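Undergrad: Here it is: the structure, laid out below.
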Protein chains: 2
Amino acid sequence: MPQIYFEDITEGTIRDIGSYTVPQDEMIAFSKQYDPQPIHIDEEAASKSVFGDIIASGWYTACICMRLLVDEFLGETVSIGSPGLDELSWTTPVYAGDTLTVENEILDTRLSESRDDRGYVRNQTRAYNQDNDMVISWIATTIVLCRDAR
Amino acid sequence: MPQIYFEDITEGTIRDIGSYTVPQDEMIAFSKQYDPQPIHIDEEAASKSVFGDIIASGWYTACICMRLLVDEFLGETVSIGSPGLDELSWTTPVYAGDTLTVENEILDTRLSESRDDRGYVRNQTRAYNQDNDMVISWIATTIVLCRDAR
């Protein structure tokens, strides 16, 4: 059951969102369906590229993080959606077998000016690989209901 | 075979990237794996929400567009990846059965200052549903090699 309301969310909080080791089959299956560029699905093409091997679609990396975010934070939050993201950066390639560790920081919160039952939470998600290189980050705005929503 | 080099990409070009009708099973399977919030997977919870029915994960909507982008544009482009996105907006909920029509506009191009074999292409992807409501948009930066790369 969701338990985290807008009032419970504090600027500056950094949450450990967990880790995930990237399975090669899942990584490539995702790319075949949603991002079938050679660097994401073709071993021979990837081996000749600057990356040296198949790398994850950036969208797959985001989706891994999103799943962890739902499991560890958003699933317990009385969220009613998101209008969007900003500053999504892919900063290091992700390879099969990499272990990604994810954190989320609450950047700022503000009550809605037009609806008194909700607020906007700007939060940044960041993931690092086993060498502590950041692989992805983005800033999301999440709409969260107030506990005292009328 | 990729054929679109940096020199072939012109600011202001708007490409028709095609259409896709959202299958309910695919939409929900994606959410169960990557974004299992009740509004995306639970019919009863969704029916009681402001949306009235299950809506697509915003990440799924992005991934549908990405697949079309690869099929119709990026797959023919000598791209070597993307450092990131900006201004990703989810502007209208997407439901199973919606038909999304996607376009991509080249916003601006510039040669790399540090590497003379590549350039940066800022491009906006936009998708509309069958009622012509925009459902998603984002601005990506794509790195594209020059034809005359040394």
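Quick note on naming: the chains in the structure tokens go A, B, ... in the order shown, residues restart at 1 in each chain, and ligands are numbered from 1 in order of appearance.
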Per residue of chain A within 6 Å of chain B, note the shortest atom pair and the distance in Å to one decimal, counting only C-alpha atoms, and order the rows by chain and increasing residue number, as a tab-separated table.
TA:
```
residue	atom	partner	partner_atom	distance
A:Tyr34	CA	B:Arg67	CA	4.6
A:Asp35	CA	B:Arg67	CA	5.3
A:Cys63	CA	B:Tyr34	CA	5.5
A:Arg67	CA	B:Tyr34	CA	4.6
A:Pro83	CA	B:Trp90	CA	5.2
A:Gly84	CA	B:Ser89	CA	4.2
A:Leu85	CA	B:Leu88	CA	5.0
A:Asp86	CA	B:Asp86	CA	4.9
A:Glu87	CA	B:Asp86	CA	5.0
A:Leu88	CA	B:Leu85	CA	5.0
A:Ser89	CA	B:Gly84	CA	4.2
A:Trp90	CA	B:Pro83	CA	5.2
```
Undergrad: My list of candidates is A:Lys48, A:Arg115, A:Arg126, A:Arg110. Which is closest to Ser19 (chain A) when distances are computed with only C-alpha atoms?
TA: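 Of A:Lys48, A:Arg115, A:Arg126, A:Arg110, the one nearest Ser19 (chain A), counting only C-alpha atoms, is A:Arg126.
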Undergrad: Which residue out of B:Glu72, B:Asp116, B:Glu44, B:Asp131 has the minimum interatomic distance to Cys146 (chain B) when only C-alpha atoms are used?
TA: B:Asp116
Undergrad: Based on DSSP run over this structure's backbone, return all residues of chain B in helix (DSSP H, G or I), as number ranges by chain.
TA: B: 6-8, 24-34, 38-41, 43-47, 58-72, 74-76
Undergrad: With a distance cut-off of 6 Å and only C-alpha atoms, select the neighbouring residues of Glu103 (chain B), excluding the residue or stretch itself and same-chain residues fewer than 3 positions from it, and output the selection as a ChimeraX atom specification.
TA: /B:15-17,125-126
Undergrad: Hey, what's within 7 Å of Leu100 (chain A) if we count only C-alpha atoms and toss same-chain stuff fewer than 3 positions away? As a ChimeraX atom specification, please?
TA: /A:19-21,127-130
Undergrad: Figure out the distance between CA of Asp98 (chain A) and CA of Met27 (chain A), please, to one decimal in Å.
TA: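 One can read the CA of Met27 (chain A) to CA of Asp98 (chain A) distance as 11.0 Å.
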Undergrad: Run DSSP on the backbone and give me the residues of region 12-138 of chain B it puts in strand (DSSP E or B), as a short mmCIF file (atom, residue, chain, number, x, y, z; two decimals) with all heavy atoms, in the first residue's frame.
TA:
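What ended up in states04.cif:
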```cif
data_model
loop_
_atom_site.label_atom_id
_atom_site.label_comp_id
_atom_site.auth_asym_id
_atom_site.auth_seq_id
_atom_site.Cartn_x
_atom_site.Cartn_y
_atom_site.Cartn_z
N ILE B 14 11.69 18.19 -41.25
CA ILE B 14 10.73 17.42 -40.44
C ILE B 14 10.46 16.11 -41.17
O ILE B 14 10.06 16.12 -42.34
CB ILE B 14 9.43 18.21 -40.21
CG1 ILE B 14 9.73 19.50 -39.44
CG2 ILE B 14 8.42 17.34 -39.45
CD1 ILE B 14 8.50 20.37 -39.19
N ARG B 15 10.74 14.99 -40.49
CA ARG B 15 10.52 13.67 -41.09
C ARG B 15 9.27 13.02 -40.51
O ARG B 15 9.07 13.04 -39.30
CB ARG B 15 11.71 12.74 -40.80
CG ARG B 15 12.93 13.00 -41.62
CD ARG B 15 14.05 12.02 -41.23
NE ARG B 15 15.19 12.20 -42.13
CZ ARG B 15 16.09 13.19 -42.02
NH1 ARG B 15 15.97 14.08 -41.05
NH2 ARG B 15 17.08 13.28 -42.88
N ASP B 16 8.50 12.40 -41.39
CA ASP B 16 7.42 11.51 -40.96
C ASP B 16 8.05 10.19 -40.56
O ASP B 16 8.72 9.54 -41.38
CB ASP B 16 6.45 11.32 -42.14
CG ASP B 16 5.40 10.28 -41.84
OD1 ASP B 16 5.33 9.80 -40.69
OD2 ASP B 16 4.65 9.94 -42.76
N ILE B 17 7.86 9.80 -39.29
CA ILE B 17 8.55 8.62 -38.77
C ILE B 17 7.61 7.41 -38.70
O ILE B 17 8.01 6.34 -38.27
CB ILE B 17 9.17 8.96 -37.39
CG1 ILE B 17 10.16 10.12 -37.51
CG2 ILE B 17 9.86 7.78 -36.75
CD1 ILE B 17 11.40 9.81 -38.32
N GLY B 18 6.37 7.58 -39.13
CA GLY B 18 5.46 6.43 -39.17
C GLY B 18 4.50 6.39 -38.01
O GLY B 18 4.47 7.29 -37.16
N SER B 19 3.69 5.34 -37.99
CA SER B 19 2.63 5.19 -36.99
C SER B 19 2.69 3.81 -36.35
O SER B 19 3.26 2.88 -36.90
CB SER B 19 1.25 5.35 -37.66
OG SER B 19 1.08 6.65 -38.15
N TYR B 20 2.05 3.72 -35.17
CA TYR B 20 2.00 2.44 -34.47
C TYR B 20 0.75 2.44 -33.61
O TYR B 20 0.47 3.41 -32.91
CB TYR B 20 3.23 2.28 -33.57
CG TYR B 20 3.40 0.91 -32.96
CD1 TYR B 20 3.74 -0.18 -33.75
CD2 TYR B 20 3.21 0.71 -31.60
CE1 TYR B 20 3.90 -1.44 -33.20
CE2 TYR B 20 3.39 -0.55 -31.04
CZ TYR B 20 3.72 -1.62 -31.85
OH TYR B 20 3.89 -2.86 -31.30
N THR B 21 -0.01 1.35 -33.69
CA THR B 21 -1.18 1.18 -32.85
C THR B 21 -0.80 0.33 -31.64
O THR B 21 -0.24 -0.76 -31.80
CB THR B 21 -2.33 0.55 -33.64
OG1 THR B 21 -2.67 1.44 -34.72
CG2 THR B 21 -3.56 0.35 -32.76
N THR B 77 21.27 6.35 -40.44
CA THR B 77 22.16 7.45 -40.10
C THR B 77 23.46 6.90 -39.52
O THR B 77 23.44 5.93 -38.76
CB THR B 77 21.47 8.36 -39.06
OG1 THR B 77 20.24 8.81 -39.61
CG2 THR B 77 22.34 9.55 -38.71
N SER B 79 25.22 7.20 -37.06
CA SER B 79 25.20 7.73 -35.70
C SER B 79 26.14 6.91 -34.82
O SER B 79 26.25 5.69 -34.98
CB SER B 79 23.78 7.66 -35.16
OG SER B 79 23.79 7.74 -33.75
N GLY B 84 22.56 12.31 -24.59
CA GLY B 84 21.39 12.46 -23.72
C GLY B 84 20.22 13.17 -24.37
O GLY B 84 20.20 13.44 -25.58
N LEU B 85 19.23 13.44 -23.52
CA LEU B 85 17.96 14.04 -23.91
C LEU B 85 17.67 15.25 -23.03
O LEU B 85 18.17 15.35 -21.91
CB LEU B 85 16.80 13.07 -23.70
CG LEU B 85 16.91 11.65 -24.20
CD1 LEU B 85 15.67 10.87 -23.74
CD2 LEU B 85 17.02 11.64 -25.71
N ASP B 86 16.80 16.10 -23.52
CA ASP B 86 16.26 17.20 -22.72
C ASP B 86 14.78 17.35 -22.98
O ASP B 86 14.28 16.95 -24.03
CB ASP B 86 16.95 18.52 -23.09
CG ASP B 86 18.16 18.80 -22.21
OD1 ASP B 86 18.02 18.68 -20.99
OD2 ASP B 86 19.23 19.10 -22.77
N GLU B 87 14.11 17.95 -22.02
CA GLU B 87 12.72 18.38 -22.21
C GLU B 87 11.83 17.24 -22.68
O GLU B 87 11.04 17.41 -23.60
CB GLU B 87 12.65 19.53 -23.21
CG GLU B 87 13.42 20.76 -22.74
CD GLU B 87 13.37 21.90 -23.77
OE1 GLU B 87 12.36 22.03 -24.47
OE2 GLU B 87 14.37 22.65 -23.84
N LEU B 88 11.95 16.07 -22.04
CA LEU B 88 11.01 15.01 -22.36
C LEU B 88 9.69 15.30 -21.64
O LEU B 88 9.66 15.44 -20.41
CB LEU B 88 11.58 13.65 -21.94
CG LEU B 88 10.78 12.44 -22.42
CD1 LEU B 88 11.65 11.20 -22.51
CD2 LEU B 88 9.56 12.15 -21.58
N SER B 89 8.61 15.41 -22.42
CA SER B 89 7.29 15.72 -21.85
C SER B 89 6.28 14.66 -22.23
O SER B 89 6.20 14.26 -23.40
CB SER B 89 6.79 17.08 -22.38
OG SER B 89 7.63 18.12 -21.96
N TRP B 90 5.52 14.23 -21.23
CA TRP B 90 4.36 13.36 -21.48
C TRP B 90 3.13 14.25 -21.35
O TRP B 90 2.78 14.69 -20.24
CB TRP B 90 4.33 12.22 -20.48
CG TRP B 90 5.44 11.25 -20.66
CD1 TRP B 90 5.66 10.44 -21.74
CD2 TRP B 90 6.50 10.94 -19.74
NE1 TRP B 90 6.77 9.66 -21.54
CE2 TRP B 90 7.31 9.95 -20.33
CE3 TRP B 90 6.83 11.41 -18.47
CZ2 TRP B 90 8.44 9.41 -19.70
CZ3 TRP B 90 7.95 10.88 -17.84
CH2 TRP B 90 8.74 9.90 -18.44
N THR B 99 -3.53 4.99 -31.73
CA THR B 99 -2.59 4.99 -32.85
C THR B 99 -1.72 6.24 -32.75
O THR B 99 -2.23 7.36 -32.79
CB THR B 99 -3.32 4.96 -34.20
OG1 THR B 99 -4.06 3.74 -34.28
CG2 THR B 99 -2.33 5.04 -35.36
N LEU B 100 -0.44 6.01 -32.57
CA LEU B 100 0.51 7.12 -32.41
C LEU B 100 1.22 7.38 -33.74
O LEU B 100 1.69 6.45 -34.40
CB LEU B 100 1.53 6.80 -31.33
CG LEU B 100 0.96 6.37 -29.97
CD1 LEU B 100 2.09 6.27 -28.95
CD2 LEU B 100 -0.11 7.33 -29.49
N THR B 101 1.28 8.63 -34.11
CA THR B 101 1.97 9.05 -35.33
C THR B 101 3.14 9.93 -34.91
O THR B 101 2.97 10.87 -34.13
CB THR B 101 1.01 9.80 -36.26
OG1 THR B 101 -0.07 8.92 -36.60
CG2 THR B 101 1.71 10.24 -37.53
N VAL B 102 4.31 9.60 -35.44
CA VAL B 102 5.56 10.18 -34.93
C VAL B 102 6.23 11.03 -36.00
O VAL B 102 6.24 10.67 -37.18
CB VAL B 102 6.50 9.05 -34.45
CG1 VAL B 102 7.77 9.61 -33.82
CG2 VAL B 102 5.78 8.13 -33.46
N GLU B 103 6.76 12.17 -35.57
CA GLU B 103 7.58 12.97 -36.47
C GLU B 103 8.85 13.39 -35.75
O GLU B 103 8.92 13.40 -34.51
CB GLU B 103 6.81 14.19 -36.98
CG GLU B 103 6.44 15.20 -35.91
CD GLU B 103 5.64 16.38 -36.46
OE1 GLU B 103 5.22 16.34 -37.62
OE2 GLU B 103 5.44 17.34 -35.69
N ASN B 104 9.86 13.74 -36.54
CA ASN B 104 11.15 14.17 -35.99
C ASN B 104 11.60 15.41 -36.74
O ASN B 104 11.58 15.44 -37.97
CB ASN B 104 12.18 13.05 -36.14
CG ASN B 104 13.56 13.45 -35.63
OD1 ASN B 104 14.37 14.00 -36.36
ND2 ASN B 104 13.81 13.18 -34.36
N GLU B 105 12.01 16.41 -35.96
CA GLU B 105 12.46 17.66 -36.57
C GLU B 105 13.92 17.93 -36.19
O GLU B 105 14.31 17.82 -35.02
CB GLU B 105 11.60 18.84 -36.06
CG GLU B 105 12.06 20.18 -36.62
CD GLU B 105 11.14 21.34 -36.26
OE1 GLU B 105 10.09 21.10 -35.63
OE2 GLU B 105 11.48 22.48 -36.62
N ILE B 106 14.73 18.27 -37.19
CA ILE B 106 16.12 18.65 -36.93
C ILE B 106 16.12 20.10 -36.45
O ILE B 106 15.76 21.02 -37.19
CB ILE B 106 16.97 18.51 -38.21
CG1 ILE B 106 16.84 17.11 -38.80
CG2 ILE B 106 18.43 18.89 -37.91
CD1 ILE B 106 17.28 15.98 -37.90
N LEU B 107 16.51 20.29 -35.18
CA LEU B 107 16.47 21.64 -34.61
C LEU B 107 17.74 22.42 -34.96
O LEU B 107 17.67 23.59 -35.34
CB LEU B 107 16.32 21.56 -33.09
CG LEU B 107 15.05 20.88 -32.57
CD1 LEU B 107 15.03 20.94 -31.05
CD2 LEU B 107 13.79 21.50 -33.15
N ASP B 108 18.90 21.80 -34.78
CA ASP B 108 20.14 22.46 -35.19
C ASP B 108 21.26 21.44 -35.27
O ASP B 108 21.17 20.35 -34.72
CB ASP B 108 20.50 23.62 -34.26
CG ASP B 108 20.52 23.23 -32.80
OD1 ASP B 108 21.43 22.49 -32.41
OD2 ASP B 108 19.62 23.67 -32.06
N THR B 109 22.30 21.82 -35.98
CA THR B 109 23.46 20.95 -36.17
C THR B 109 24.72 21.78 -35.95
O THR B 109 24.75 22.97 -36.24
CB THR B 109 23.51 20.37 -37.60
OG1 THR B 109 23.75 21.44 -38.52
CG2 THR B 109 22.20 19.69 -37.97
N ARG B 110 25.72 21.13 -35.39
CA ARG B 110 27.02 21.82 -35.28
C ARG B 110 28.14 20.79 -35.30
O ARG B 110 28.03 19.69 -34.75
CB ARG B 110 27.09 22.66 -34.00
CG ARG B 110 27.07 21.89 -32.71
CD ARG B 110 27.24 22.81 -31.51
NE ARG B 110 27.11 22.08 -30.27
CZ ARG B 110 28.08 21.38 -29.68
NH1 ARG B 110 29.28 21.34 -30.24
NH2 ARG B 110 27.88 20.72 -28.55
N LEU B 111 29.23 21.17 -35.95
CA LEU B 111 30.41 20.30 -35.98
C LEU B 111 31.04 20.26 -34.59
O LEU B 111 31.01 21.24 -33.85
CB LEU B 111 31.42 20.84 -36.98
CG LEU B 111 31.21 20.40 -38.42
CD1 LEU B 111 32.05 21.25 -39.36
CD2 LEU B 111 31.57 18.92 -38.59
N ARG B 118 33.02 14.45 -36.85
CA ARG B 118 31.65 14.23 -36.36
C ARG B 118 30.95 15.55 -36.01
O ARG B 118 31.60 16.59 -35.86
CB ARG B 118 31.68 13.36 -35.11
CG ARG B 118 32.40 13.99 -33.94
CD ARG B 118 32.72 12.97 -32.85
NE ARG B 118 33.62 11.95 -33.37
CZ ARG B 118 34.05 10.89 -32.68
NH1 ARG B 118 33.64 10.70 -31.44
NH2 ARG B 118 34.87 10.01 -33.21
N GLY B 119 29.63 15.46 -35.89
CA GLY B 119 28.87 16.63 -35.50
C GLY B 119 27.74 16.24 -34.56
O GLY B 119 27.42 15.06 -34.39
N TYR B 120 27.18 17.26 -33.96
CA TYR B 120 26.07 17.07 -33.02
C TYR B 120 24.77 17.54 -33.68
O TYR B 120 24.70 18.64 -34.23
CB TYR B 120 26.31 17.87 -31.74
CG TYR B 120 27.50 17.38 -30.96
CD1 TYR B 120 28.78 17.90 -31.18
CD2 TYR B 120 27.36 16.35 -30.03
CE1 TYR B 120 29.87 17.43 -30.48
CE2 TYR B 120 28.45 15.88 -29.32
CZ TYR B 120 29.70 16.41 -29.56
OH TYR B 120 30.79 15.93 -28.88
N VAL B 121 23.77 16.70 -33.61
CA VAL B 121 22.47 16.99 -34.21
C VAL B 121 21.42 17.03 -33.11
O VAL B 121 21.13 16.00 -32.49
CB VAL B 121 22.10 15.92 -35.26
CG1 VAL B 121 20.73 16.19 -35.83
CG2 VAL B 121 23.16 15.87 -36.36
N ARG B 122 20.88 18.20 -32.83
CA ARG B 122 19.76 18.29 -31.88
C ARG B 122 18.48 18.08 -32.66
O ARG B 122 18.21 18.77 -33.65
CB ARG B 122 19.74 19.64 -31.16
CG ARG B 122 20.74 19.73 -30.00
CD ARG B 122 20.68 21.08 -29.31
NE ARG B 122 19.49 21.27 -28.52
CZ ARG B 122 18.52 22.14 -28.78
NH1 ARG B 122 18.55 22.91 -29.84
NH2 ARG B 122 17.48 22.24 -27.98
N ASN B 123 17.69 17.14 -32.20
CA ASN B 123 16.46 16.82 -32.93
C ASN B 123 15.34 16.53 -31.96
O ASN B 123 15.56 15.97 -30.88
CB ASN B 123 16.70 15.65 -33.88
CG ASN B 123 17.17 14.39 -33.18
OD1 ASN B 123 16.38 13.49 -32.91
ND2 ASN B 123 18.47 14.32 -32.83
N GLN B 124 14.14 16.95 -32.37
CA GLN B 124 12.97 16.76 -31.50
C GLN B 124 12.06 15.69 -32.10
O GLN B 124 11.69 15.76 -33.28
CB GLN B 124 12.18 18.06 -31.33
CG GLN B 124 11.03 17.89 -30.32
CD GLN B 124 10.32 19.20 -30.03
OE1 GLN B 124 10.01 19.97 -30.93
NE2 GLN B 124 10.05 19.46 -28.75
N THR B 125 11.70 14.72 -31.26
CA THR B 125 10.73 13.71 -31.64
C THR B 125 9.40 14.05 -30.98
O THR B 125 9.35 14.39 -29.80
CB THR B 125 11.22 12.32 -31.19
OG1 THR B 125 12.44 12.03 -31.88
CG2 THR B 125 10.19 11.25 -31.48
N ARG B 126 8.33 13.97 -31.77
CA ARG B 126 6.99 14.29 -31.26
C ARG B 126 6.03 13.19 -31.72
O ARG B 126 6.11 12.76 -32.88
CB ARG B 126 6.51 15.64 -31.81
CG ARG B 126 7.42 16.81 -31.47
CD ARG B 126 6.87 18.13 -31.99
NE ARG B 126 7.00 18.26 -33.42
CZ ARG B 126 7.93 19.00 -34.06
NH1 ARG B 126 8.86 19.67 -33.36
NH2 ARG B 126 7.96 19.08 -35.37
N ALA B 127 5.13 12.78 -30.84
CA ALA B 127 4.12 11.79 -31.24
C ALA B 127 2.74 12.30 -30.89
O ALA B 127 2.55 12.97 -29.86
CB ALA B 127 4.37 10.45 -30.54
N TYR B 128 1.79 12.00 -31.76
CA TYR B 128 0.40 12.44 -31.61
C TYR B 128 -0.51 11.22 -31.65
O TYR B 128 -0.22 10.25 -32.37
CB TYR B 128 0.02 13.38 -32.76
CG TYR B 128 0.91 14.58 -32.86
CD1 TYR B 128 2.12 14.52 -33.56
CD2 TYR B 128 0.58 15.78 -32.25
CE1 TYR B 128 2.97 15.62 -33.63
CE2 TYR B 128 1.42 16.89 -32.32
CZ TYR B 128 2.61 16.80 -33.01
OH TYR B 128 3.45 17.88 -33.08
N MET B 134 -0.84 15.80 -28.86
CA MET B 134 0.54 15.37 -28.64
C MET B 134 0.59 14.52 -27.37
O MET B 134 0.02 14.90 -26.35
CB MET B 134 1.47 16.58 -28.50
CG MET B 134 2.93 16.17 -28.37
SD MET B 134 4.03 17.58 -28.10
CE MET B 134 4.02 18.34 -29.72
N VAL B 135 1.24 13.37 -27.45
CA VAL B 135 1.35 12.50 -26.28
C VAL B 135 2.74 12.51 -25.66
O VAL B 135 2.91 12.29 -24.47
CB VAL B 135 0.93 11.04 -26.60
CG1 VAL B 135 -0.51 11.00 -27.07
CG2 VAL B 135 1.85 10.40 -27.62
N ILE B 136 3.75 12.75 -26.48
CA ILE B 136 5.13 12.80 -25.96
C ILE B 136 5.98 13.66 -26.88
O ILE B 136 5.68 13.77 -28.09
CB ILE B 136 5.74 11.37 -25.87
CG1 ILE B 136 7.06 11.35 -25.08
CG2 ILE B 136 5.95 10.77 -27.24
CD1 ILE B 136 7.60 9.94 -24.80
N SER B 137 6.98 14.28 -26.32
CA SER B 137 8.00 14.95 -27.13
C SER B 137 9.30 14.95 -26.34
O SER B 137 9.29 14.91 -25.10
CB SER B 137 7.59 16.38 -27.49
OG SER B 137 7.60 17.20 -26.35
N TRP B 138 10.40 14.95 -27.05
CA TRP B 138 11.70 15.12 -26.39
C TRP B 138 12.71 15.65 -27.40
O TRP B 138 12.52 15.51 -28.61
CB TRP B 138 12.20 13.85 -25.73
CG TRP B 138 12.73 12.79 -26.63
CD1 TRP B 138 13.98 12.72 -27.21
CD2 TRP B 138 12.05 11.60 -27.08
NE1 TRP B 138 14.11 11.59 -27.96
CE2 TRP B 138 12.94 10.88 -27.90
CE3 TRP B 138 10.77 11.08 -26.86
CZ2 TRP B 138 12.59 9.66 -28.50
CZ3 TRP B 138 10.43 9.87 -27.46
CH2 TRP B 138 11.33 9.17 -28.26
#
```
Undergrad: I want to know what sits within 9 Å of Tyr95 (chain A), based on only C-alpha atoms, with residues of the same chain fewer than 2 positions away left out; could you give that as a compact mmCIF listing (two decimals) with C-alpha atoms, in the first residue's frame?
TA:
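Output file around-v5.txt follows:
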```
# COMPACT_ATOMS: atom_id res chain seq x y z
CA VAL A 22 22.50 -6.59 -16.51
CA GLN A 24 22.91 -10.18 -21.70
CA MET A 27 19.54 -6.45 -22.64
CA ASP A 53 31.28 -4.95 -27.72
CA ILE A 54 27.49 -4.66 -27.66
CA ILE A 55 26.31 -1.88 -25.36
CA ALA A 56 22.89 -1.43 -23.79
CA PRO A 93 28.38 2.80 -21.90
CA GLY A 97 27.25 -8.20 -16.79
CA ASP A 98 27.64 -4.67 -15.44
```
Undergrad: What does the distance between CA of Asn132 (chain A) and CA of Glu113 (chain B) come to in Å, to one decimal place?
TA: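 Atom-to-atom, CA of Asn132 (chain A) to CA of Glu113 (chain B), that is 28.5 Å.
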Undergrad: Just give me the gap between CA of Val94 (chain A) and CA of His40 (chain B) in Å, one decimal is fine.
TA: 27.1 Å
